[in-house]
Amino acid sequence: MNEQRVAGIEALKALGHPLRARLFNLLSVYGAATATDLGKRIGESSGSTSYHLRQLEKHGLVSEDTERGTARERYWQRIPGPVVLGSAEITATPAGQSAALMAYSALNGVEEQLVRDFINYRAADMPTEWSDAADDSTAYLNLTVEQAMHLAEDMHQVMERYRQEQTEGPGTARMFVKYRTIPVTLADEPVDTSTTPIDIASLHAMAGLDAPTDTDTRPDQEQQS
């Protein structure tokens, strides 16, 4: 079993850089690669990707794959095992909290793009059995703090079990697995601060739809409680 690594402030700052977050994700998805190969994937020069890979290496997030490559071209690989973005001690400081938020934001942006790519065109290009094997489920649950923590522990155990059972070769695919458990509102939170008003007109514009009518945007007072 690969032990998890807790990213310190400097490692979090490295992952907070959008290009480095993307390189880290590419190595996670596709495995070891050269700076040249990675540069071609993201439209960057090999010099640029080499520099950012060295920064990730400096903070223990990637390493050279010494079993591949030549004296002229190095292969880079993601460090094995889970990477925890900070710790309670690190995020207790303003600098640590800021670094963790930057890393979360950069990595989440890369992962969301991965999901969008699958929905928009990758699913249609895949064999039906693999597109059917994909899943995107959502549930809104009323839980206590203890239940939420147990849910997270259960999910980690399931993923770790499959991590130990994973294989490579024909008939397999690299799967992106992620779950989210985020408290969106608290039962004892004041109603007027529990949500942020939604700008319906902006949502329509983002979706490429016509502007909503007055009827569309008028709040339904009878349904509010």
# chains A, B, ... in the order shown; residues from 1 in each chain; ligands from 1
>>> closest_atom_pairs(of="region 110-135 of chain A", to="region 150-172 of chain A", cutoff="12 Å", atoms="only C-alpha atoms", output="CSV")
residue,atom,partner,partner_atom,distance
A:Pro127,CA,A:Gly171,CA,11.5
A:Glu129,CA,A:Gly171,CA,11.0
A:Trp130,CA,A:Thr172,CA,9.6
A:Ala133,CA,A:Thr172,CA,11.7
>>> write_last_selection(atoms="N, CA, C and O atoms", output="short mmCIF file (atom, residue, chain, number, x, y, z; two decimals), in the first residue's frame")
data_model
loop_
_atom_site.label_atom_id
_atom_site.label_comp_id
_atom_site.auth_asym_id
_atom_site.auth_seq_id
_atom_site.Cartn_x
_atom_site.Cartn_y
_atom_site.Cartn_z
N PRO A 127 -16.46 2.95 -26.64
CA PRO A 127 -17.38 1.81 -26.76
C PRO A 127 -18.52 1.96 -25.76
O PRO A 127 -18.33 2.48 -24.66
N GLU A 129 -20.00 0.01 -23.76
CA GLU A 129 -19.86 -0.59 -22.43
C GLU A 129 -19.07 0.30 -21.48
O GLU A 129 -19.35 0.35 -20.28
N TRP A 130 -18.12 1.09 -22.04
CA TRP A 130 -17.34 1.97 -21.17
C TRP A 130 -18.11 3.24 -20.84
O TRP A 130 -18.03 3.75 -19.72
N ALA A 133 -20.41 2.36 -18.21
CA ALA A 133 -19.75 2.11 -16.92
C ALA A 133 -19.50 3.40 -16.15
O ALA A 133 -19.26 3.36 -14.94
#
>>> residues_around(residues="region 21-38 of chain A", least_positions_apart="5", cutoff="6 Å", atoms="only C-alpha atoms", output="list in words")
Leu15, Ser46, Thr49, Ser50, Arg74, Tyr75, Trp76, Gln77, Arg78 and Leu107 of chain A
>>> write_last_selection(atoms="N, CA and C atoms", output="PDB file, in the first residue's frame")
ATOM      1  N   LEU A  15       1.170  23.399  -6.484  1.00  0.00           N
ATOM      2  CA  LEU A  15      -0.048  22.875  -7.112  1.00  0.00           C
ATOM      3  C   LEU A  15      -1.054  23.975  -7.409  1.00  0.00           C
ATOM      4  N   SER A  46       8.626  22.441 -24.582  1.00  0.00           N
ATOM      5  CA  SER A  46       9.234  21.470 -23.676  1.00  0.00           C
ATOM      6  C   SER A  46      10.055  22.172 -22.600  1.00  0.00           C
ATOM      7  N   THR A  49       7.463  23.187 -19.886  1.00  0.00           N
ATOM      8  CA  THR A  49       6.996  22.048 -19.097  1.00  0.00           C
ATOM      9  C   THR A  49       8.129  21.475 -18.243  1.00  0.00           C
ATOM     10  N   SER A  50       9.361  21.478 -18.769  1.00  0.00           N
ATOM     11  CA  SER A  50      10.499  20.983 -17.995  1.00  0.00           C
ATOM     12  C   SER A  50      10.693  21.813 -16.727  1.00  0.00           C
ATOM     13  N   ARG A  74      14.136  12.842 -20.257  1.00  0.00           N
ATOM     14  CA  ARG A  74      13.706  12.226 -19.008  1.00  0.00           C
ATOM     15  C   ARG A  74      12.207  11.950 -19.033  1.00  0.00           C
ATOM     16  N   TYR A  75      11.825  10.874 -18.390  1.00  0.00           N
ATOM     17  CA  TYR A  75      10.414  10.583 -18.161  1.00  0.00           C
ATOM     18  C   TYR A  75      10.062  11.005 -16.737  1.00  0.00           C
ATOM     19  N   TRP A  76       8.910  11.645 -16.612  1.00  0.00           N
ATOM     20  CA  TRP A  76       8.433  12.090 -15.309  1.00  0.00           C
ATOM     21  C   TRP A  76       7.219  11.268 -14.896  1.00  0.00           C
ATOM     22  N   GLN A  77       7.085  11.044 -13.592  1.00  0.00           N
ATOM     23  CA  GLN A  77       5.939  10.314 -13.079  1.00  0.00           C
ATOM     24  C   GLN A  77       5.416  10.986 -11.806  1.00  0.00           C
ATOM     25  N   ARG A  78       4.129  10.833 -11.587  1.00  0.00           N
ATOM     26  CA  ARG A  78       3.514  11.330 -10.360  1.00  0.00           C
ATOM     27  C   ARG A  78       3.950  10.434  -9.211  1.00  0.00           C
ATOM     28  N   LEU A 107      -6.596  22.488  -8.947  1.00  0.00           N
ATOM     29  CA  LEU A 107      -6.831  21.076  -9.246  1.00  0.00           C
ATOM     30  C   LEU A 107      -8.290  20.814  -9.589  1.00  0.00           C
TER      31      LEU A 107
END
>>> residues_around(residues="Ser98 (chain A)", least_positions_apart="5", cutoff="12 Å", atoms="only C-alpha atoms", output="count of residues only")
14
>>> select_by_dssp(residues="region 17-182 of chain A", states="helix (DSSP H, G or I)", output="PyMOL selection string")
chain A and resi 18-30+35-42+46-58+88-91+94-125+128-133+145-165
>>> write_last_selection(atoms="C-alpha atoms", output="mmCIF file, in the first residue's frame")
data_model
loop_
_atom_site.group_PDB
_atom_site.id
_atom_site.type_symbol
_atom_site.label_atom_id
_atom_site.label_comp_id
_atom_site.auth_asym_id
_atom_site.auth_seq_id
_atom_site.Cartn_x
_atom_site.Cartn_y
_atom_site.Cartn_z
ATOM 1 C CA PRO A 18 -2.694 26.237 -13.050
ATOM 2 C CA LEU A 19 -0.085 24.807 -15.436
ATOM 3 C CA ARG A 20 1.556 22.720 -12.724
ATOM 4 C CA ALA A 21 -1.835 21.451 -11.585
ATOM 5 C CA ARG A 22 -2.531 20.397 -15.169
ATOM 6 C CA LEU A 23 0.818 18.613 -15.508
ATOM 7 C CA PHE A 24 0.261 16.825 -12.197
ATOM 8 C CA ASN A 25 -3.176 15.721 -13.398
ATOM 9 C CA LEU A 26 -1.874 14.529 -16.782
ATOM 10 C CA LEU A 27 0.712 12.331 -15.081
ATOM 11 C CA SER A 28 -2.043 10.983 -12.829
ATOM 12 C CA VAL A 29 -4.264 10.154 -15.803
ATOM 13 C CA TYR A 30 -1.817 8.932 -18.439
ATOM 14 C CA ALA A 35 8.300 17.078 -20.954
ATOM 15 C CA THR A 36 8.034 17.090 -24.750
ATOM 16 C CA ASP A 37 4.998 14.785 -24.753
ATOM 17 C CA LEU A 38 3.304 16.820 -22.035
ATOM 18 C CA GLY A 39 4.057 20.045 -23.862
ATOM 19 C CA LYS A 40 2.371 18.734 -27.010
ATOM 20 C CA ARG A 41 -0.748 17.841 -25.028
ATOM 21 C CA ILE A 42 -1.180 21.301 -23.550
ATOM 22 C CA SER A 46 9.234 21.470 -23.676
ATOM 23 C CA GLY A 47 11.348 24.114 -21.935
ATOM 24 C CA SER A 48 8.289 25.459 -20.136
ATOM 25 C CA THR A 49 6.996 22.048 -19.097
ATOM 26 C CA SER A 50 10.499 20.983 -17.995
ATOM 27 C CA TYR A 51 10.757 24.005 -15.718
ATOM 28 C CA HIS A 52 7.373 23.416 -14.084
ATOM 29 C CA LEU A 53 8.021 19.684 -13.706
ATOM 30 C CA ARG A 54 11.248 20.478 -11.873
ATOM 31 C CA GLN A 55 9.282 22.729 -9.533
ATOM 32 C CA LEU A 56 6.855 19.883 -8.814
ATOM 33 C CA GLU A 57 9.830 17.569 -8.274
ATOM 34 C CA LYS A 58 11.389 20.070 -5.889
ATOM 35 C CA ALA A 88 -5.228 21.008 10.186
ATOM 36 C CA GLU A 89 -1.979 22.570 11.390
ATOM 37 C CA ILE A 90 -1.129 23.996 7.982
ATOM 38 C CA THR A 91 -4.587 25.429 7.245
ATOM 39 C CA PRO A 94 -3.617 32.395 6.960
ATOM 40 C CA ALA A 95 -0.706 31.506 4.654
ATOM 41 C CA GLY A 96 -1.486 27.805 4.823
ATOM 42 C CA GLN A 97 -5.195 28.329 4.265
ATOM 43 C CA SER A 98 -4.507 30.554 1.255
ATOM 44 C CA ALA A 99 -2.084 28.020 -0.248
ATOM 45 C CA ALA A 100 -4.570 25.170 0.262
ATOM 46 C CA LEU A 101 -7.399 27.143 -1.346
ATOM 47 C CA MET A 102 -5.210 27.928 -4.367
ATOM 48 C CA ALA A 103 -4.290 24.257 -4.769
ATOM 49 C CA TYR A 104 -7.907 23.127 -4.393
ATOM 50 C CA SER A 105 -9.052 25.695 -6.936
ATOM 51 C CA ALA A 106 -6.390 24.843 -9.532
ATOM 52 C CA LEU A 107 -6.831 21.076 -9.246
ATOM 53 C CA ASN A 108 -10.615 21.317 -9.202
ATOM 54 C CA GLY A 109 -10.521 23.378 -12.392
ATOM 55 C CA VAL A 110 -8.455 20.705 -14.133
ATOM 56 C CA GLU A 111 -10.729 17.903 -12.905
ATOM 57 C CA GLU A 112 -13.895 19.748 -13.924
ATOM 58 C CA GLN A 113 -12.457 20.143 -17.423
ATOM 59 C CA LEU A 114 -11.806 16.395 -17.496
ATOM 60 C CA VAL A 115 -15.480 15.789 -16.704
ATOM 61 C CA ARG A 116 -16.649 18.343 -19.282
ATOM 62 C CA ASP A 117 -14.459 16.746 -21.959
ATOM 63 C CA PHE A 118 -15.987 13.358 -21.214
ATOM 64 C CA ILE A 119 -19.552 14.685 -21.366
ATOM 65 C CA ASN A 120 -19.034 16.804 -24.475
ATOM 66 C CA TYR A 121 -17.184 14.404 -26.744
ATOM 67 C CA ARG A 122 -15.250 11.591 -25.082
ATOM 68 C CA ALA A 123 -18.342 9.565 -24.132
ATOM 69 C CA ALA A 124 -19.553 9.505 -27.736
ATOM 70 C CA ASP A 125 -16.181 8.193 -28.943
ATOM 71 C CA THR A 128 -20.882 1.685 -25.301
ATOM 72 C CA GLU A 129 -19.865 -0.585 -22.431
ATOM 73 C CA TRP A 130 -17.338 1.968 -21.175
ATOM 74 C CA SER A 131 -19.655 4.966 -21.480
ATOM 75 C CA ASP A 132 -22.299 2.909 -19.642
ATOM 76 C CA ALA A 133 -19.754 2.106 -16.919
ATOM 77 C CA VAL A 145 -21.000 15.602 11.652
ATOM 78 C CA GLU A 146 -20.318 12.029 12.773
ATOM 79 C CA GLN A 147 -22.330 10.573 9.876
ATOM 80 C CA ALA A 148 -20.528 12.800 7.366
ATOM 81 C CA MET A 149 -17.159 11.668 8.696
ATOM 82 C CA HIS A 150 -18.215 8.006 8.574
ATOM 83 C CA LEU A 151 -19.400 8.450 4.987
ATOM 84 C CA ALA A 152 -16.008 9.864 4.024
ATOM 85 C CA GLU A 153 -14.226 6.994 5.781
ATOM 86 C CA ASP A 154 -16.421 4.420 4.022
ATOM 87 C CA MET A 155 -15.739 6.000 0.614
ATOM 88 C CA HIS A 156 -11.998 6.071 1.278
ATOM 89 C CA GLN A 157 -12.048 2.387 2.222
ATOM 90 C CA VAL A 158 -13.920 1.454 -0.951
ATOM 91 C CA MET A 159 -11.521 3.421 -3.164
ATOM 92 C CA GLU A 160 -8.498 1.965 -1.361
ATOM 93 C CA ARG A 161 -9.850 -1.560 -1.895
ATOM 94 C CA TYR A 162 -10.154 -0.975 -5.635
ATOM 95 C CA ARG A 163 -6.764 0.736 -5.680
ATOM 96 C CA GLN A 164 -5.229 -2.464 -4.311
ATOM 97 C CA GLU A 165 -7.156 -4.621 -6.806
#
>>> select_by_dssp(residues="region 22-92 of chain A", states="strand (DSSP E or B)", output="PyMOL selection string")
chain A and resi 33-34+62-64+75-78+83-84
